[in-house]
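Heads up: the structure comes next, in structure tokens.
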Amino acid sequence: MTEKELMLTAILECDRSNLYAQPTPLSAQQTEKLQDMEERRRRNEPLQYILRTTDFFGLKFKVDPRVLIPRPETELLVEKIIEFSSRQHGAQLRILDVGTGSGNIAIALAKSFIQARIVAMDISSDALNVARENARINCVNHQVDFVHCDFMEFAENYREAEKRFDIIVSNPPYIATPLLATLPLDVKEEPNLALDGGEDGLDFYRVLIGHAKYFLNDGGFLACEIADGQKKSLTQLLADNHFTNFTFYNDFRETPRFFLAQAI
Ligand code: GLN
């Protein structure tokens, strides 16, 4: 669908085919709504924020400027986790989603593993409010516990915690701070907290890779999305932290986009 078709189907609450099969002129109020949407788009507001919704993994998610807009490449990460864990553990998984944002990863996994228990954490209470609503919309709130905390603090305080997760997953902020200014204008509308990965973009991986082993069950794994050009540094970081079994996977453009790693 074109952007205009998406706006019209949202305003008229209909399918694309209805736009053409039963065309009816817009009321004054609907015309005003459309003009307002087009104006916001001209000001580079992402279309998903204007429509307040997006699709991820065949599910509907509410999105607004409190959360990062789920991206199609993140679906590949979810697919690979499902493929890998169906082989490894069966369905009764314990999963930790670090930096859950809109809750897209946690909720897609909850839908796929209906017996899984998931802890979804975020440093932003605003984002967690959106994620909780998405869990309700997708009927998985009984499976997901939303926790307001900073993984760095969590990791330090719970260093001696029992190993208890089968999967730790994260799509962390991974843009190097100096590159933030070069992002497309609509991406700049998304929360800085969800994008800024520190001077070299690797701040969150250092913490995740450094601490994951304290939280993973034997045979458990860490699964992360990554940015272009980070594979080499992350390979080193994983090796330095006793991850022996790890694989990087490419996205649709054949760029390394995520990894799965098991600790010894
Ligand atoms: N987990 C969310 C996503 O994959 C949010 C990620 C983030 O805010 N960096 O879209």
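In the structure tokens, chains take letters A, B, ... by order of appearance, with residues numbered from 1 within each chain and ligands from 1 in the order shown.
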
Quiz item: Residues at most 12 Å from range 34-47 of chain A, counting only C-alpha atoms, excluding those fewer than 3 positions away in the same chain, as a PyMOL selection string?
Solution: chain A and resi 2-12+26-31+50-54+63-65+67-70+184-190

Quiz item: Among range 3-165 of chain A, which ones does DSSP place in strand (DSSP E or B), written as a list in words?
Solution: Thr53, Thr54, Asp55, Phe56, Leu59, Lys60, Phe61, Lys62, Arg94, Ile95, Leu96, Asp97, Val98, Arg117, Ile118, Val119, Ala120, Met121, Asp122, Val144, Asp145, Phe146, Val147, His148 and Phe165 of chain A

Could those residues be written to a file, using N, CA, C and O atoms, as a CSV table (one decimal), in the first residue's frame?
chain,number,residue,atom,x,y,z
A,53,THR,N,0.4,2.6,14.8
A,53,THR,CA,0.5,1.1,14.8
A,53,THR,C,1.5,0.6,13.8
A,53,THR,O,1.8,1.3,12.8
A,54,THR,N,2.0,-0.6,14.0
A,54,THR,CA,2.8,-1.3,13.0
A,54,THR,C,2.6,-2.8,13.1
A,54,THR,O,2.1,-3.3,14.1
A,55,ASP,N,3.1,-3.5,12.1
A,55,ASP,CA,3.0,-4.9,12.1
A,55,ASP,C,4.4,-5.5,12.4
A,55,ASP,O,5.4,-4.9,12.0
A,56,PHE,N,4.4,-6.5,13.2
A,56,PHE,CA,5.7,-7.2,13.5
A,56,PHE,C,5.4,-8.7,13.7
A,56,PHE,O,4.6,-9.0,14.5
A,59,LEU,N,1.9,-9.7,13.8
A,59,LEU,CA,1.0,-9.2,14.9
A,59,LEU,C,1.0,-7.6,14.8
A,59,LEU,O,1.8,-7.0,14.2
A,60,LYS,N,-0.1,-7.1,15.5
A,60,LYS,CA,-0.2,-5.6,15.5
A,60,LYS,C,0.4,-5.1,16.8
A,60,LYS,O,0.2,-5.6,17.9
A,61,PHE,N,1.1,-4.0,16.6
A,61,PHE,CA,1.7,-3.3,17.8
A,61,PHE,C,1.4,-1.8,17.8
A,61,PHE,O,1.5,-1.2,16.7
A,62,LYS,N,1.1,-1.3,18.9
A,62,LYS,CA,0.9,0.1,19.1
A,62,LYS,C,2.3,0.7,19.2
A,62,LYS,O,3.1,0.2,19.9
A,94,ARG,N,12.5,-20.0,29.6
A,94,ARG,CA,12.5,-18.8,30.4
A,94,ARG,C,13.4,-17.8,29.6
A,94,ARG,O,14.5,-18.1,29.2
A,95,ILE,N,12.8,-16.7,29.3
A,95,ILE,CA,13.5,-15.8,28.3
A,95,ILE,C,13.6,-14.4,29.0
A,95,ILE,O,12.6,-13.9,29.7
A,96,LEU,N,14.7,-13.8,28.8
A,96,LEU,CA,14.9,-12.4,29.2
A,96,LEU,C,15.1,-11.5,28.0
A,96,LEU,O,16.0,-11.8,27.2
A,97,ASP,N,14.3,-10.5,27.8
A,97,ASP,CA,14.4,-9.5,26.7
A,97,ASP,C,14.9,-8.2,27.3
A,97,ASP,O,14.2,-7.5,28.1
A,98,VAL,N,16.1,-7.8,26.9
A,98,VAL,CA,16.7,-6.6,27.5
A,98,VAL,C,16.5,-5.4,26.5
A,98,VAL,O,16.9,-5.5,25.4
A,117,ARG,N,7.9,-18.3,29.8
A,117,ARG,CA,7.8,-17.2,30.8
A,117,ARG,C,8.8,-16.2,30.4
A,117,ARG,O,10.0,-16.6,30.2
A,118,ILE,N,8.4,-15.0,30.3
A,118,ILE,CA,9.4,-14.0,29.7
A,118,ILE,C,9.5,-12.8,30.7
A,118,ILE,O,8.5,-12.3,31.2
A,119,VAL,N,10.7,-12.3,30.9
A,119,VAL,CA,10.9,-11.1,31.6
A,119,VAL,C,11.4,-10.1,30.6
A,119,VAL,O,12.3,-10.3,29.9
A,120,ALA,N,10.7,-9.0,30.5
A,120,ALA,CA,11.0,-8.0,29.5
A,120,ALA,C,11.4,-6.7,30.3
A,120,ALA,O,10.5,-6.2,31.0
A,121,MET,N,12.6,-6.3,30.1
A,121,MET,CA,13.0,-5.1,30.9
A,121,MET,C,13.3,-3.9,30.0
A,121,MET,O,13.7,-4.1,28.8
A,122,ASP,N,13.2,-2.7,30.6
A,122,ASP,CA,13.6,-1.5,29.8
A,122,ASP,C,13.9,-0.4,30.9
A,122,ASP,O,13.3,-0.4,32.0
A,144,VAL,N,4.2,-12.5,30.3
A,144,VAL,CA,5.4,-11.6,30.3
A,144,VAL,C,5.3,-10.7,31.5
A,144,VAL,O,4.3,-10.1,31.8
A,145,ASP,N,6.5,-10.7,32.2
A,145,ASP,CA,6.6,-9.7,33.4
A,145,ASP,C,7.4,-8.5,32.9
A,145,ASP,O,8.6,-8.7,32.4
A,146,PHE,N,6.9,-7.3,33.0
A,146,PHE,CA,7.6,-6.2,32.6
A,146,PHE,C,8.3,-5.6,33.8
A,146,PHE,O,7.7,-5.4,34.8
A,147,VAL,N,9.6,-5.3,33.6
A,147,VAL,CA,10.4,-4.8,34.7
A,147,VAL,C,11.1,-3.5,34.3
A,147,VAL,O,11.8,-3.5,33.3
A,148,HIS,N,11.0,-2.5,35.2
A,148,HIS,CA,11.6,-1.2,34.9
A,148,HIS,C,13.0,-1.2,35.5
A,148,HIS,O,13.1,-1.1,36.7
A,165,PHE,N,17.9,-18.3,32.9
A,165,PHE,CA,17.3,-18.0,31.6
A,165,PHE,C,17.8,-19.0,30.6
A,165,PHE,O,19.0,-19.3,30.6

Using only C-alpha atoms and all ligand atoms, I'd like a table of the residues in chain A that come within 10 Å of ligand 1; for each, show the closest atom pair and its distance in Å rounded to one decimal, ordered by chain and ascending number, as CSV.
residue,atom,partner,partner_atom_place_in_ligand_line,distance
A:Phe56,CA,ligand 1,10 (O),9.3
A:Arg66,CA,ligand 1,8 (O),9.5
A:Val67,CA,ligand 1,8 (O),6.4
A:Leu68,CA,ligand 1,8 (O),5.0
A:Ile69,CA,ligand 1,10 (O),5.8
A:Pro70,CA,ligand 1,10 (O),4.0
A:Arg71,CA,ligand 1,10 (O),6.3
A:Pro72,CA,ligand 1,10 (O),9.3
A:Glu73,CA,ligand 1,4 (O),9.2
A:Thr74,CA,ligand 1,4 (O),6.0
A:Glu75,CA,ligand 1,4 (O),8.7
A:Leu77,CA,ligand 1,4 (O),9.3
A:Val78,CA,ligand 1,4 (O),9.6
A:Asp97,CA,ligand 1,1 (N),7.4
A:Val98,CA,ligand 1,1 (N),7.3
A:Gly99,CA,ligand 1,1 (N),5.5
A:Thr100,CA,ligand 1,1 (N),4.0
A:Gly101,CA,ligand 1,5 (C),3.8
A:Ser102,CA,ligand 1,2 (C),5.8
A:Gly103,CA,ligand 1,1 (N),6.0
A:Asn104,CA,ligand 1,2 (C),6.0
A:Ile105,CA,ligand 1,1 (N),5.7
A:Ala106,CA,ligand 1,1 (N),7.8
A:Ile107,CA,ligand 1,1 (N),10.0
A:Ala120,CA,ligand 1,1 (N),9.1
A:Met121,CA,ligand 1,1 (N),9.5
A:Asp122,CA,ligand 1,8 (O),8.3
A:Ile123,CA,ligand 1,8 (O),9.7
A:Ser124,CA,ligand 1,8 (O),9.3
A:Ala127,CA,ligand 1,8 (O),8.4
A:Ala131,CA,ligand 1,2 (C),9.5
A:Val169,CA,ligand 1,1 (N),8.7
A:Ser170,CA,ligand 1,1 (N),6.4
A:Asn171,CA,ligand 1,4 (O),4.8
A:Pro172,CA,ligand 1,9 (N),4.3
A:Pro173,CA,ligand 1,9 (N),4.4
A:Tyr174,CA,ligand 1,9 (N),7.5
A:Ile175,CA,ligand 1,9 (N),9.7
A:Glu190,CA,ligand 1,8 (O),9.1
A:Pro191,CA,ligand 1,8 (O),7.8
A:Asn192,CA,ligand 1,8 (O),8.9
A:Leu193,CA,ligand 1,8 (O),7.1
A:Ala194,CA,ligand 1,8 (O),3.8
A:Leu195,CA,ligand 1,9 (N),5.8
A:Asp196,CA,ligand 1,9 (N),8.5
A:Gly197,CA,ligand 1,9 (N),9.1
A:Cys224,CA,ligand 1,4 (O),9.6
A:Glu225,CA,ligand 1,4 (O),8.1

Practice problem: Can you work out which one of A:His142, A:Lys213, A:Arg132, A:Lys80 has the shortest atom-to-atom distance to Asn241 in chain A, counting only C-alpha atoms? | Solution: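 When distances to Asn241 in chain A are compared using only C-alpha atoms, the smallest one comes from A:Lys213.
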
Quiz item: Between CA of Ala135 in chain A and CA of Gln115 in chain A, what is the distance, to one decimal in Å?
Solution: 15.1 Å

Quiz item: Using the chain letters and numbers from this document, which residues of range 1-204 of chain A does DSSP assign to alpha helix (DSSP H), as a PyMOL selection string?
Solution: chain A and resi 3-12+16-21+28-42+47-51+72-88+104-112+125-137+151-157+203-204

Just the selected residues (C-alpha atoms), exported as a PDB file, in the first residue's frame, please.
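Listed below is the output, result.pdb:
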ATOM      1  CA  GLU A   3       1.472   5.854   2.396  1.00  0.00           C
ATOM      2  CA  LYS A   4      -1.695   7.666   1.356  1.00  0.00           C
ATOM      3  CA  GLU A   5      -3.620   4.386   1.131  1.00  0.00           C
ATOM      4  CA  LEU A   6      -2.385   3.476   4.608  1.00  0.00           C
ATOM      5  CA  MET A   7      -3.562   6.828   5.955  1.00  0.00           C
ATOM      6  CA  LEU A   8      -6.956   6.451   4.258  1.00  0.00           C
ATOM      7  CA  THR A   9      -7.540   2.900   5.463  1.00  0.00           C
ATOM      8  CA  ALA A  10      -6.699   4.075   9.009  1.00  0.00           C
ATOM      9  CA  ILE A  11      -9.086   7.057   8.801  1.00  0.00           C
ATOM     10  CA  LEU A  12     -11.900   5.053   7.208  1.00  0.00           C
ATOM     11  CA  ARG A  16      -7.435  -1.322   0.777  1.00  0.00           C
ATOM     12  CA  SER A  17      -9.968  -3.048  -1.481  1.00  0.00           C
ATOM     13  CA  ASN A  18     -12.830  -1.016   0.077  1.00  0.00           C
ATOM     14  CA  LEU A  19     -11.065   2.203  -0.909  1.00  0.00           C
ATOM     15  CA  TYR A  20     -11.646   1.298  -4.544  1.00  0.00           C
ATOM     16  CA  ALA A  21     -14.674  -1.010  -4.437  1.00  0.00           C
ATOM     17  CA  ALA A  28     -14.920  17.403   6.196  1.00  0.00           C
ATOM     18  CA  GLN A  29     -13.569  15.877   9.398  1.00  0.00           C
ATOM     19  CA  GLN A  30     -11.909  12.989   7.545  1.00  0.00           C
ATOM     20  CA  THR A  31     -10.359  15.385   5.025  1.00  0.00           C
ATOM     21  CA  GLU A  32      -8.937  17.410   7.897  1.00  0.00           C
ATOM     22  CA  LYS A  33      -7.511  14.257   9.466  1.00  0.00           C
ATOM     23  CA  LEU A  34      -5.852  13.275   6.190  1.00  0.00           C
ATOM     24  CA  GLN A  35      -4.360  16.739   5.722  1.00  0.00           C
ATOM     25  CA  ASP A  36      -3.055  16.679   9.270  1.00  0.00           C
ATOM     26  CA  MET A  37      -1.427  13.258   8.687  1.00  0.00           C
ATOM     27  CA  GLU A  38       0.155  14.424   5.412  1.00  0.00           C
ATOM     28  CA  GLU A  39       1.484  17.550   7.084  1.00  0.00           C
ATOM     29  CA  ARG A  40       3.036  15.539   9.935  1.00  0.00           C
ATOM     30  CA  ARG A  41       4.638  13.235   7.370  1.00  0.00           C
ATOM     31  CA  ARG A  42       6.074  16.251   5.507  1.00  0.00           C
ATOM     32  CA  LEU A  47       4.367   7.013   9.245  1.00  0.00           C
ATOM     33  CA  GLN A  48       4.033   4.365  11.982  1.00  0.00           C
ATOM     34  CA  TYR A  49       3.833   7.078  14.675  1.00  0.00           C
ATOM     35  CA  ILE A  50       1.195   8.920  12.666  1.00  0.00           C
ATOM     36  CA  LEU A  51      -0.866   5.739  12.259  1.00  0.00           C
ATOM     37  CA  PRO A  72      11.461  -6.166   9.622  1.00  0.00           C
ATOM     38  CA  GLU A  73      15.062  -7.353  10.098  1.00  0.00           C
ATOM     39  CA  THR A  74      14.336  -7.931  13.794  1.00  0.00           C
ATOM     40  CA  GLU A  75      11.784 -10.535  12.662  1.00  0.00           C
ATOM     41  CA  LEU A  76      14.731 -12.569  11.367  1.00  0.00           C
ATOM     42  CA  LEU A  77      16.215 -12.581  14.869  1.00  0.00           C
ATOM     43  CA  VAL A  78      12.922 -13.833  16.305  1.00  0.00           C
ATOM     44  CA  GLU A  79      12.671 -16.517  13.593  1.00  0.00           C
ATOM     45  CA  LYS A  80      16.180 -17.782  14.276  1.00  0.00           C
ATOM     46  CA  ILE A  81      15.523 -17.930  18.039  1.00  0.00           C
ATOM     47  CA  ILE A  82      12.382 -19.968  17.402  1.00  0.00           C
ATOM     48  CA  GLU A  83      14.212 -22.318  15.054  1.00  0.00           C
ATOM     49  CA  PHE A  84      17.131 -22.754  17.458  1.00  0.00           C
ATOM     50  CA  SER A  85      15.134 -23.152  20.655  1.00  0.00           C
ATOM     51  CA  SER A  86      12.612 -25.572  19.195  1.00  0.00           C
ATOM     52  CA  ARG A  87      15.614 -27.802  18.559  1.00  0.00           C
ATOM     53  CA  GLN A  88      17.332 -27.162  21.880  1.00  0.00           C
ATOM     54  CA  ASN A 104       7.779  -6.678  19.993  1.00  0.00           C
ATOM     55  CA  ILE A 105      10.402  -9.394  20.533  1.00  0.00           C
ATOM     56  CA  ALA A 106       9.030 -10.560  23.904  1.00  0.00           C
ATOM     57  CA  ILE A 107       5.465 -10.671  22.605  1.00  0.00           C
ATOM     58  CA  ALA A 108       6.333 -12.440  19.338  1.00  0.00           C
ATOM     59  CA  LEU A 109       8.219 -15.086  21.352  1.00  0.00           C
ATOM     60  CA  ALA A 110       5.351 -15.416  23.845  1.00  0.00           C
ATOM     61  CA  LYS A 111       2.959 -16.036  20.953  1.00  0.00           C
ATOM     62  CA  SER A 112       5.273 -18.670  19.490  1.00  0.00           C
ATOM     63  CA  SER A 125       9.013   3.479  32.013  1.00  0.00           C
ATOM     64  CA  ASP A 126       7.295   5.215  29.088  1.00  0.00           C
ATOM     65  CA  ALA A 127       8.341   2.387  26.767  1.00  0.00           C
ATOM     66  CA  LEU A 128       7.157  -0.213  29.291  1.00  0.00           C
ATOM     67  CA  ASN A 129       3.699   1.356  29.338  1.00  0.00           C
ATOM     68  CA  VAL A 130       3.493   0.876  25.562  1.00  0.00           C
ATOM     69  CA  ALA A 131       4.857  -2.680  25.856  1.00  0.00           C
ATOM     70  CA  ARG A 132       2.280  -3.587  28.537  1.00  0.00           C
ATOM     71  CA  GLU A 133      -0.491  -2.337  26.296  1.00  0.00           C
ATOM     72  CA  ASN A 134       0.886  -4.378  23.396  1.00  0.00           C
ATOM     73  CA  ALA A 135       0.971  -7.488  25.590  1.00  0.00           C
ATOM     74  CA  ARG A 136      -2.696  -6.899  26.421  1.00  0.00           C
ATOM     75  CA  ILE A 137      -3.621  -6.286  22.774  1.00  0.00           C
ATOM     76  CA  PHE A 151      20.423  -3.966  32.732  1.00  0.00           C
ATOM     77  CA  MET A 152      23.783  -2.591  33.893  1.00  0.00           C
ATOM     78  CA  GLU A 153      22.401  -2.178  37.417  1.00  0.00           C
ATOM     79  CA  PHE A 154      20.528  -5.460  37.234  1.00  0.00           C
ATOM     80  CA  ALA A 155      23.681  -7.272  36.105  1.00  0.00           C
ATOM     81  CA  GLU A 156      25.801  -5.846  38.897  1.00  0.00           C
ATOM     82  CA  ASN A 157      23.262  -6.468  41.646  1.00  0.00           C
ATOM     83  CA  ASP A 203      28.459  -0.097  25.119  1.00  0.00           C
ATOM     84  CA  PHE A 204      25.460  -2.377  25.574  1.00  0.00           C
TER      85      PHE A 204
END

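The shortest atom-to-atom distance to Asn217 in chain A, with only C-alpha atoms taken into account, belongs to A:Leu93 out of A:Asp15, A:Ala116, A:Leu93, A:Gln230.
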
Self-check item: Between CA of Ala181 in chain A and CA of Gln236 in chain A - distance in Å to one decimal
Solution: 27.7 Å

Practice problem: Go through A:Cys149, A:Asp228, A:Ile167, A:Leu216 one by one, measure the shortest atom-to-atom distance of each to Arg253 in chain A using only C-alpha atoms, and give the residue with the smallest value. | Solution: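 Of A:Cys149, A:Asp228, A:Ile167, A:Leu216, the one nearest Arg253 in chain A, counting only C-alpha atoms, is A:Asp228.
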
Practice problem: Report the distance between CA of Phe215 in chain A and CA of Gln262 in chain A in Å, rounded to one decimal place. | Solution: 11.9 Å

Quiz item: For Gly201 in chain A, which residue among A:Leu260, A:Leu222, A:Leu238, A:Leu179 is the nearest when counting only C-alpha atoms?
Solution: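 Counting only C-alpha atoms, the residue closest to Gly201 in chain A is A:Leu179.
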